[in-house]
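Below: the structure, in structure tokens.
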Amino acid sequence: MSNSTTRKKVQKKCKIRGFTLKVDALDEILSFVSQFDDSDHDGAIDVVLEQLQLQPLKSSIIDKQTVQSVVSILLQADAAVDETLGGLGVCDAFLVPKFRYDPIKKIFYKPSESPPPIHGNASAKAALYKDRFLFISQRLSRHQHFAKRAFDSEMSDFGSCEISQIQSLVGQTGRRWVLGLISQLEDGHFYLEDLTASVEINLSNAISFTHSFHTYLRLSQIKSNDHFPDRTYKITTGFFTENTIVVAEGEMLLEGVFQVITCGFPPLEDREKSVKLLAGHDFFGGGILTKEETLRLAELEKRAVNDMFVILSDIWLDNEEAMEKLERILDGYENQEVAPSLFVFMGNFSSHPFNLSFRPSSLRLQFGKLGHMIAAHQQLTKHSRFLFIPGPDDPGPSKVLPRCALPKYITEELQKHIPNAMFTSNPCRIKFYTQELVFFRQDLLYRMRRSCLIPPSTEETDDPFEHLVATITHQSHLCPLPLTVQPLIWNYDHSLYLYPTPHTIVLGDRSEQKAFKYTGITCFNPGSFSREGTFVAYYPCTQEVELSALEDSDSIQ
């Protein structure tokens, strides 16, 4: 953008706000704006003018000194974020704000300003499913193929996909689309439930639709004219388990059973669209940013090209071979010119599950040895931060999700050596400037495959990890398993939501190391470090994932 174009734009925006700029004041604003890329000039101008409006001005005529004071405030805030926070914020699962959706007013609201109790009453369990359903229902209602149409459109050529309530299926003939949660109300009998009723379903003839609803509707029309055989349908990815919410097409049989012909997960919504809709609501837990702060953080993020996260899962502190591997990694990064900005250590931290026979004092000593090992690497201790996330078999009150941070009794020996070490919940959320990252340590893939009601398809992919990623993203939930398989704290189910979709999801799993980019979301599993010697180096600025492993490392059985 040329200087004259920018000058005219500044003058126009000032005139709209009622400001008159002196020549030297205009030059000062142009000098500040020139620090940003051309694409960010509009935002930079708005930031300066918004800050000017906050000043106690005596006149609408702006001079150089006034602009200089405003620019100074912005630069000081910039430096404060860069130096004190380093652009990194960690949010515990128990501090994630809770929102609910009102389907009548069509708004999100906070049920309470105070955190909910850990032990919920019976209504909290029912609210868990209701809230999940409403979150996905409001998302689906905005999709072009499922939104209610006021007038006929070209889309009617492909048939109507308007969602019907299950209660309205009684006495109806012909095919209907429904949105419902798969549940097993009777042994061996599966039902589809929404907020109005439940209906028994027959999945024996069901197929899954493609991710492209437009393609599916086109095929549906062709099939209805008997010009195309059934084999033309493609199969989507994902694990269909009890408690997952699906969109299904079918028809009611005489015996009162809903014969499912087509089913699949609700389509995703672009993150930008969700964020725009939820403006003013902090779903992630990192706080609400003003336009000014977002612009400043985005600029700082562009400069953080050297920032790197090193992520390891399954660090068995009671295993000598695992500790030797860890020391090799620390030695390697100690000698690098630029130290990683963050090390993320995910459990399990012991090769044996925590139970009544487990001695916490032994794990306390092992954490002390780990602290001593890290402290011996002066560059890392000085320039890197260390984050610890508990695993499913680590010490804690119970195995329900979300899990609280490791007990202080166990970690205080390590903190004597590494005072800035951070201990957080599982899952946890990290804010890196403008990016949102979710970390979750759970052996989820094995459980999802065990709980699958329909064998996952292999037409689009035969990779189980890709099926897992598709499932949790479309369900907008980290663990959409039945509560009998994975118990949850009812009042904190919202801490596992993936809405709006984050930029990055880290799934610490004992399965094979994998990375997968799905609809713009970076997802990866660092693998089991103690078993396979695998870990991940992640560059958040570019969302680049380096799947790494120690050379010549033997597996630990």
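Identifiers in this document derive from the order of the structure tokens: chains are assigned A, B, ..., residues are numbered from 1 separately in each chain, and ligands are numbered from 1 in order of occurrence.
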
Who sits within 12 Å of Ala279 of chain A, only C-alpha atoms, same chain under 3 positions skipped, as an MDAnalysis selection string: chainID A and resid 107:108 272:276 282:283 287:291 500

If you count only C-alpha atoms, which residues fall within 10 Å of segment 68-74 of chain A, apart from same-chain ones fewer than 4 positions away, as number ranges by chain? A: 25, 28-29, 32, 47-52, 54-55, 63-64, 78-80, 292-293, 296

With all heavy atoms retained, could you export that selection as a compact mmCIF listing (two decimals), in the first residue's frame?
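Written out: result_35.txt:
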```txt
# COMPACT_ATOMS: atom_id res chain seq x y z
N ALA A 25 1.19 15.37 13.45
CA ALA A 25 0.46 14.26 14.08
C ALA A 25 0.16 13.16 13.06
O ALA A 25 0.27 11.96 13.36
CB ALA A 25 -0.84 14.77 14.69
N GLU A 28 3.22 11.17 12.47
CA GLU A 28 3.50 10.27 13.60
C GLU A 28 2.67 8.98 13.49
O GLU A 28 3.17 7.88 13.75
CB GLU A 28 3.18 10.99 14.91
CG GLU A 28 3.73 10.30 16.15
CD GLU A 28 5.25 10.38 16.24
OE1 GLU A 28 5.84 11.32 15.68
OE2 GLU A 28 5.84 9.47 16.86
N ILE A 29 1.41 9.11 13.09
CA ILE A 29 0.56 7.92 12.91
C ILE A 29 1.08 7.07 11.77
O ILE A 29 1.15 5.84 11.87
CB ILE A 29 -0.90 8.35 12.66
CG1 ILE A 29 -1.50 9.00 13.90
CG2 ILE A 29 -1.75 7.14 12.24
CD1 ILE A 29 -2.93 9.49 13.73
N PHE A 32 3.98 4.99 12.85
CA PHE A 32 3.58 3.83 13.64
C PHE A 32 2.99 2.73 12.74
O PHE A 32 3.33 1.55 12.87
CB PHE A 32 2.55 4.24 14.69
CG PHE A 32 1.96 3.09 15.46
CD1 PHE A 32 2.68 2.45 16.46
CD2 PHE A 32 0.68 2.65 15.17
CE1 PHE A 32 2.14 1.39 17.16
CE2 PHE A 32 0.12 1.58 15.87
CZ PHE A 32 0.85 0.95 16.86
N VAL A 47 -6.51 0.89 15.78
CA VAL A 47 -6.00 0.78 17.15
C VAL A 47 -5.60 2.16 17.68
O VAL A 47 -5.94 2.53 18.82
CB VAL A 47 -4.80 -0.19 17.20
CG1 VAL A 47 -4.04 -0.03 18.51
CG2 VAL A 47 -5.26 -1.62 17.04
N VAL A 48 -4.89 2.93 16.88
CA VAL A 48 -4.44 4.26 17.31
C VAL A 48 -5.64 5.17 17.56
O VAL A 48 -5.73 5.87 18.58
CB VAL A 48 -3.50 4.89 16.26
CG1 VAL A 48 -3.15 6.32 16.66
CG2 VAL A 48 -2.24 4.06 16.12
N LEU A 49 -6.60 5.14 16.64
CA LEU A 49 -7.75 6.04 16.78
C LEU A 49 -8.65 5.63 17.94
O LEU A 49 -9.22 6.49 18.62
CB LEU A 49 -8.54 6.05 15.47
CG LEU A 49 -7.78 6.58 14.24
CD1 LEU A 49 -8.69 6.63 13.02
CD2 LEU A 49 -7.18 7.96 14.51
N GLU A 50 -8.78 4.32 18.17
CA GLU A 50 -9.58 3.87 19.32
C GLU A 50 -8.92 4.30 20.63
O GLU A 50 -9.60 4.68 21.59
CB GLU A 50 -9.73 2.35 19.27
CG GLU A 50 -10.71 1.86 18.20
CD GLU A 50 -10.69 0.35 18.05
OE1 GLU A 50 -10.00 -0.32 18.85
OE2 GLU A 50 -11.35 -0.16 17.12
N GLN A 51 -7.57 4.23 20.68
CA GLN A 51 -6.86 4.66 21.88
C GLN A 51 -6.98 6.18 22.06
O GLN A 51 -7.08 6.68 23.19
CB GLN A 51 -5.39 4.24 21.79
CG GLN A 51 -4.60 4.43 23.07
CD GLN A 51 -5.09 3.53 24.18
OE1 GLN A 51 -5.50 2.40 23.94
NE2 GLN A 51 -5.05 4.00 25.41
N LEU A 52 -7.01 6.91 20.94
CA LEU A 52 -7.18 8.37 21.02
C LEU A 52 -8.54 8.72 21.64
O LEU A 52 -8.65 9.66 22.42
CB LEU A 52 -7.08 8.99 19.62
CG LEU A 52 -5.67 9.31 19.10
CD1 LEU A 52 -5.74 9.72 17.63
CD2 LEU A 52 -5.01 10.40 19.94
N LEU A 54 -10.05 7.17 23.83
CA LEU A 54 -10.05 6.90 25.27
C LEU A 54 -9.33 7.98 26.07
O LEU A 54 -9.42 8.01 27.30
CB LEU A 54 -9.39 5.53 25.54
CG LEU A 54 -10.08 4.31 24.93
CD1 LEU A 54 -9.27 3.05 25.20
CD2 LEU A 54 -11.49 4.16 25.50
N GLN A 55 -8.61 8.87 25.36
CA GLN A 55 -7.83 9.91 26.04
C GLN A 55 -8.73 11.10 26.41
O GLN A 55 -9.70 11.41 25.70
CB GLN A 55 -6.68 10.38 25.14
CG GLN A 55 -5.74 9.28 24.70
CD GLN A 55 -5.13 8.52 25.85
OE1 GLN A 55 -4.58 9.13 26.78
NE2 GLN A 55 -5.23 7.20 25.81
N ASP A 63 -2.63 16.97 18.01
CA ASP A 63 -1.26 17.38 17.71
C ASP A 63 -0.30 16.20 17.85
O ASP A 63 -0.69 15.10 18.23
CB ASP A 63 -0.83 18.54 18.60
CG ASP A 63 -0.95 18.20 20.08
OD1 ASP A 63 -1.03 16.98 20.42
OD2 ASP A 63 -0.99 19.13 20.91
N LYS A 64 0.96 16.45 17.58
CA LYS A 64 1.98 15.40 17.58
C LYS A 64 2.17 14.80 18.96
O LYS A 64 2.32 13.58 19.10
CB LYS A 64 3.31 15.99 17.07
CG LYS A 64 4.44 14.98 17.02
CD LYS A 64 5.72 15.62 16.49
CE LYS A 64 6.87 14.61 16.47
NZ LYS A 64 8.13 15.21 15.94
N ASP A 78 2.76 -3.57 24.35
CA ASP A 78 3.40 -4.57 23.49
C ASP A 78 4.58 -5.22 24.22
O ASP A 78 4.73 -6.43 24.27
CB ASP A 78 3.88 -3.87 22.21
CG ASP A 78 4.41 -4.85 21.18
OD1 ASP A 78 4.84 -5.94 21.56
OD2 ASP A 78 4.38 -4.51 19.98
N ALA A 79 5.43 -4.38 24.82
CA ALA A 79 6.60 -4.89 25.53
C ALA A 79 6.21 -5.70 26.74
O ALA A 79 6.83 -6.71 27.07
CB ALA A 79 7.49 -3.71 25.95
N ALA A 80 5.15 -5.29 27.42
CA ALA A 80 4.71 -6.01 28.62
C ALA A 80 4.26 -7.42 28.27
O ALA A 80 4.60 -8.38 28.95
CB ALA A 80 3.56 -5.26 29.29
N GLU A 292 -7.66 -4.14 19.52
CA GLU A 292 -6.31 -3.59 19.68
C GLU A 292 -5.34 -4.67 20.17
O GLU A 292 -4.24 -4.84 19.63
CB GLU A 292 -6.38 -2.43 20.67
CG GLU A 292 -5.06 -1.99 21.25
CD GLU A 292 -5.26 -1.09 22.45
OE1 GLU A 292 -6.25 -0.32 22.47
OE2 GLU A 292 -4.43 -1.15 23.37
N GLU A 293 -5.75 -5.42 21.18
CA GLU A 293 -4.88 -6.47 21.74
C GLU A 293 -4.67 -7.60 20.74
O GLU A 293 -3.57 -8.14 20.63
CB GLU A 293 -5.50 -7.01 23.02
CG GLU A 293 -5.51 -6.01 24.17
CD GLU A 293 -6.37 -6.48 25.33
OE1 GLU A 293 -7.36 -7.22 25.09
OE2 GLU A 293 -6.07 -6.09 26.47
N ARG A 296 -2.12 -6.50 18.19
CA ARG A 296 -0.77 -6.45 18.76
C ARG A 296 -0.20 -7.86 18.93
O ARG A 296 0.96 -8.13 18.59
CB ARG A 296 -0.82 -5.73 20.10
CG ARG A 296 0.56 -5.54 20.73
CD ARG A 296 0.50 -4.62 21.93
NE ARG A 296 -0.24 -5.19 23.03
CZ ARG A 296 -1.42 -4.75 23.45
NH1 ARG A 296 -2.00 -3.75 22.83
NH2 ARG A 296 -2.04 -5.31 24.46
```

List every residue of segment 484-519 of chain A that has an atom at most 12 Å from any atom of segment 264-270 of chain A, and for each one report the closest atom pair and its distance in Å to one decimal, counting only C-alpha atoms, with rows sorted by chain and then by increasing residue number, as CSV.
```
residue,atom,partner,partner_atom,distance
A:Leu498,CA,A:Leu268,CA,11.0
A:Tyr499,CA,A:Glu269,CA,9.4
A:Pro500,CA,A:Glu269,CA,8.3
A:Thr501,CA,A:Asp270,CA,7.9
A:Pro502,CA,A:Asp270,CA,10.6
A:His503,CA,A:Asp270,CA,11.2
A:Tyr518,CA,A:Leu268,CA,10.8
A:Thr519,CA,A:Asp270,CA,8.5
```

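Residues in contact with Asp314 of chain A at 6 Å, where only C-alpha atoms are counted and same-chain residues fewer than 6 positions away are skipped, are listed as A:Gly347, A:Asn348, A:Ser528, A:Phe529, A:Ser530.
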
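Every protein or nucleic acid residue with an atom no more than 10 Å from Tyr129 of chain A, counting only C-alpha atoms and leaving out same-chain residues fewer than 6 positions away, appears here: Leu181, Asp194, Leu195, Asn243, Ile245, Trp490 and Asp493 of chain A.
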
Apply DSSP to the structure's backbone, then extract all residues of segment 412-444 of chain A labelled helix (DSSP H, G or I) and return them as a list in words.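 Put together, the selection reads Glu412, Glu413, Leu414, Gln415, Lys416, His417 and Leu444 of chain A.
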
Polymer residues at most 12 Å from Asn319 of chain A, only C-alpha atoms, same-chain spacing of 3 or more positions, as a list in words: Asp314, Ile315, Trp316, Ala322, Met323, Glu324, Lys325, Leu326, Asn348, Phe349, Ser350, Ser351, His352, Leu363, Gln366, Leu370, Phe529, Ser530, Arg531, Ile556 and Gln557 of chain A

Expected file contents, prior selection, N, CA and C atoms, as a PDB file, in the first residue's frame:
```pdb
ATOM      1  N   ASP A 314       4.174 -40.068  28.331  1.00  0.00           N
ATOM      2  CA  ASP A 314       4.641 -41.300  28.987  1.00  0.00           C
ATOM      3  C   ASP A 314       6.115 -41.185  29.370  1.00  0.00           C
ATOM      4  N   ILE A 315       6.384 -40.436  30.411  1.00  0.00           N
ATOM      5  CA  ILE A 315       7.751 -40.290  30.925  1.00  0.00           C
ATOM      6  C   ILE A 315       7.825 -41.059  32.238  1.00  0.00           C
ATOM      7  N   TRP A 316       8.350 -42.265  32.180  1.00  0.00           N
ATOM      8  CA  TRP A 316       8.391 -43.133  33.363  1.00  0.00           C
ATOM      9  C   TRP A 316       9.611 -42.771  34.207  1.00  0.00           C
ATOM     10  N   ALA A 322      14.293 -44.982  30.438  1.00  0.00           N
ATOM     11  CA  ALA A 322      13.498 -43.822  30.046  1.00  0.00           C
ATOM     12  C   ALA A 322      14.176 -42.531  30.494  1.00  0.00           C
ATOM     13  N   MET A 323      14.739 -42.532  31.695  1.00  0.00           N
ATOM     14  CA  MET A 323      15.408 -41.329  32.194  1.00  0.00           C
ATOM     15  C   MET A 323      16.684 -41.032  31.414  1.00  0.00           C
ATOM     16  N   GLU A 324      17.366 -42.074  30.967  1.00  0.00           N
ATOM     17  CA  GLU A 324      18.548 -41.855  30.132  1.00  0.00           C
ATOM     18  C   GLU A 324      18.158 -41.221  28.799  1.00  0.00           C
ATOM     19  N   LYS A 325      17.045 -41.680  28.240  1.00  0.00           N
ATOM     20  CA  LYS A 325      16.547 -41.092  26.992  1.00  0.00           C
ATOM     21  C   LYS A 325      16.206 -39.617  27.188  1.00  0.00           C
ATOM     22  N   LEU A 326      15.551 -39.320  28.290  1.00  0.00           N
ATOM     23  CA  LEU A 326      15.168 -37.942  28.563  1.00  0.00           C
ATOM     24  C   LEU A 326      16.392 -37.054  28.711  1.00  0.00           C
ATOM     25  N   ASN A 348       1.824 -40.957  31.534  1.00  0.00           N
ATOM     26  CA  ASN A 348       2.008 -41.351  32.917  1.00  0.00           C
ATOM     27  C   ASN A 348       3.461 -41.142  33.353  1.00  0.00           C
ATOM     28  N   PHE A 349       3.631 -40.822  34.639  1.00  0.00           N
ATOM     29  CA  PHE A 349       4.971 -40.592  35.165  1.00  0.00           C
ATOM     30  C   PHE A 349       5.508 -41.801  35.921  1.00  0.00           C
ATOM     31  N   SER A 350       4.813 -42.894  35.827  1.00  0.00           N
ATOM     32  CA  SER A 350       5.279 -44.140  36.440  1.00  0.00           C
ATOM     33  C   SER A 350       4.899 -45.301  35.522  1.00  0.00           C
ATOM     34  N   SER A 351       5.722 -46.319  35.500  1.00  0.00           N
ATOM     35  CA  SER A 351       5.453 -47.487  34.653  1.00  0.00           C
ATOM     36  C   SER A 351       4.359 -48.363  35.240  1.00  0.00           C
ATOM     37  N   HIS A 352       4.001 -48.125  36.500  1.00  0.00           N
ATOM     38  CA  HIS A 352       2.953 -48.897  37.162  1.00  0.00           C
ATOM     39  C   HIS A 352       1.804 -47.967  37.549  1.00  0.00           C
ATOM     40  N   LEU A 363       7.464 -41.679  44.197  1.00  0.00           N
ATOM     41  CA  LEU A 363       7.276 -40.796  43.048  1.00  0.00           C
ATOM     42  C   LEU A 363       7.748 -39.376  43.381  1.00  0.00           C
ATOM     43  N   GLN A 366      11.384 -39.375  42.834  1.00  0.00           N
ATOM     44  CA  GLN A 366      11.699 -39.434  41.401  1.00  0.00           C
ATOM     45  C   GLN A 366      11.496 -38.076  40.736  1.00  0.00           C
ATOM     46  N   LEU A 370      14.235 -35.739  38.749  1.00  0.00           N
ATOM     47  CA  LEU A 370      13.975 -35.087  37.462  1.00  0.00           C
ATOM     48  C   LEU A 370      14.294 -33.598  37.550  1.00  0.00           C
ATOM     49  N   PHE A 529       6.842 -41.996  24.793  1.00  0.00           N
ATOM     50  CA  PHE A 529       8.280 -41.732  24.848  1.00  0.00           C
ATOM     51  C   PHE A 529       9.042 -42.879  25.507  1.00  0.00           C
ATOM     52  N   SER A 530       8.526 -43.378  26.615  1.00  0.00           N
ATOM     53  CA  SER A 530       9.256 -44.421  27.342  1.00  0.00           C
ATOM     54  C   SER A 530       9.289 -45.740  26.580  1.00  0.00           C
ATOM     55  N   ARG A 531       8.245 -46.029  25.810  1.00  0.00           N
ATOM     56  CA  ARG A 531       8.208 -47.285  25.054  1.00  0.00           C
ATOM     57  C   ARG A 531       8.984 -47.190  23.742  1.00  0.00           C
ATOM     58  N   ILE A 556      10.905 -50.075  25.237  1.00  0.00           N
ATOM     59  CA  ILE A 556      10.784 -50.567  26.602  1.00  0.00           C
ATOM     60  C   ILE A 556       9.478 -51.324  26.724  1.00  0.00           C
ATOM     61  N   GLN A 557       9.526 -52.509  27.090  1.00  0.00           N
ATOM     62  CA  GLN A 557       8.318 -53.323  27.213  1.00  0.00           C
ATOM     63  C   GLN A 557       7.693 -53.146  28.596  1.00  0.00           C
TER      64      GLN A 557
END
```

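Nearest residue to Ser141 of chain A, choosing from A:Val338, A:Ala375, A:Val247, A:Ala122 and counting only C-alpha atoms: A:Val247.
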
Interatomic distance, atom CA of Arg328 of chain A to atom CA of Leu550 of chain A (Å, one decimal):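 It comes out at 8.5 Å.
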
May I have the residues within 10 Å of Leu169 of chain A as a ChimeraX atom specification, using only C-alpha atoms and disregarding those fewer than 4 positions away in the same chain? /A:164-165,173-178,197,199,251-252,256,258

Residues from the last selection, N, CA and C atoms, saved as a compact mmCIF listing (two decimals), in the first residue's frame:
```
# COMPACT_ATOMS: atom_id res chain seq x y z
N SER A 164 -36.11 -32.75 11.39
CA SER A 164 -37.40 -32.98 12.05
C SER A 164 -37.17 -33.40 13.49
N GLN A 165 -38.05 -32.99 14.38
CA GLN A 165 -37.98 -33.47 15.76
C GLN A 165 -38.44 -34.92 15.80
N THR A 173 -44.97 -40.61 7.15
CA THR A 173 -44.44 -41.52 6.14
C THR A 173 -43.40 -40.81 5.32
N GLY A 174 -42.57 -41.58 4.66
CA GLY A 174 -41.51 -40.99 3.85
C GLY A 174 -40.26 -40.73 4.67
N ARG A 175 -39.24 -40.31 3.97
CA ARG A 175 -37.94 -40.10 4.61
C ARG A 175 -37.91 -38.78 5.38
N ARG A 176 -37.21 -38.82 6.49
CA ARG A 176 -37.03 -37.63 7.33
C ARG A 176 -35.57 -37.57 7.81
N TRP A 177 -35.12 -36.34 8.02
CA TRP A 177 -33.81 -36.12 8.63
C TRP A 177 -34.01 -35.79 10.11
N VAL A 178 -33.20 -36.42 10.96
CA VAL A 178 -33.28 -36.14 12.40
C VAL A 178 -31.87 -35.95 12.96
N ALA A 197 -38.15 -36.49 22.27
CA ALA A 197 -38.54 -37.89 22.43
C ALA A 197 -37.35 -38.77 22.07
N VAL A 199 -36.52 -42.68 19.91
CA VAL A 199 -37.08 -43.68 19.01
C VAL A 199 -36.04 -44.78 18.81
N GLU A 251 -36.76 -43.63 7.72
CA GLU A 251 -38.23 -43.59 7.74
C GLU A 251 -38.75 -44.51 8.82
N MET A 252 -39.92 -44.19 9.33
CA MET A 252 -40.55 -44.98 10.39
C MET A 252 -41.17 -46.25 9.79
N GLY A 256 -42.82 -49.18 14.65
CA GLY A 256 -42.37 -48.06 15.47
C GLY A 256 -40.88 -47.91 15.56
N PHE A 258 -37.32 -46.68 13.74
CA PHE A 258 -36.82 -45.76 12.72
C PHE A 258 -35.71 -46.47 11.94
```

One-decimal distance in Å that lies between atom CA of Gly238 of chain A and atom CA of Glu193 of chain A: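 Atom CA of Gly238 of chain A lies at a distance of 19.9 Å from atom CA of Glu193 of chain A.
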
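Across the model, the gap from atom CA of Leu414 of chain A to atom CA of Phe432 of chain A is 25.2 Å.
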
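The shortest atom-to-atom distance to Phe345 of chain A, with only C-alpha atoms taken into account, belongs to A:Val536 out of A:Val246, A:Ile505, A:Met308, A:Val536.
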
A:Arg449, A:Lys408, A:Arg403, A:Lys58 ranked by distance to Ala93 of chain A, top pick (using only C-alpha atoms): A:Arg403

Nearest candidate to Pro456 of chain A (options A:Arg441, A:Gly368, A:Thr241, A:Glu321; using only C-alpha atoms):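 For Pro456 of chain A, the nearest of the given residues is A:Thr241.
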
Which residue gives the smallest distance to Ser476 of chain A among A:Asn202, A:Ser495, A:Gln378, A:Ser168, with only C-alpha atoms counted? A:Ser495
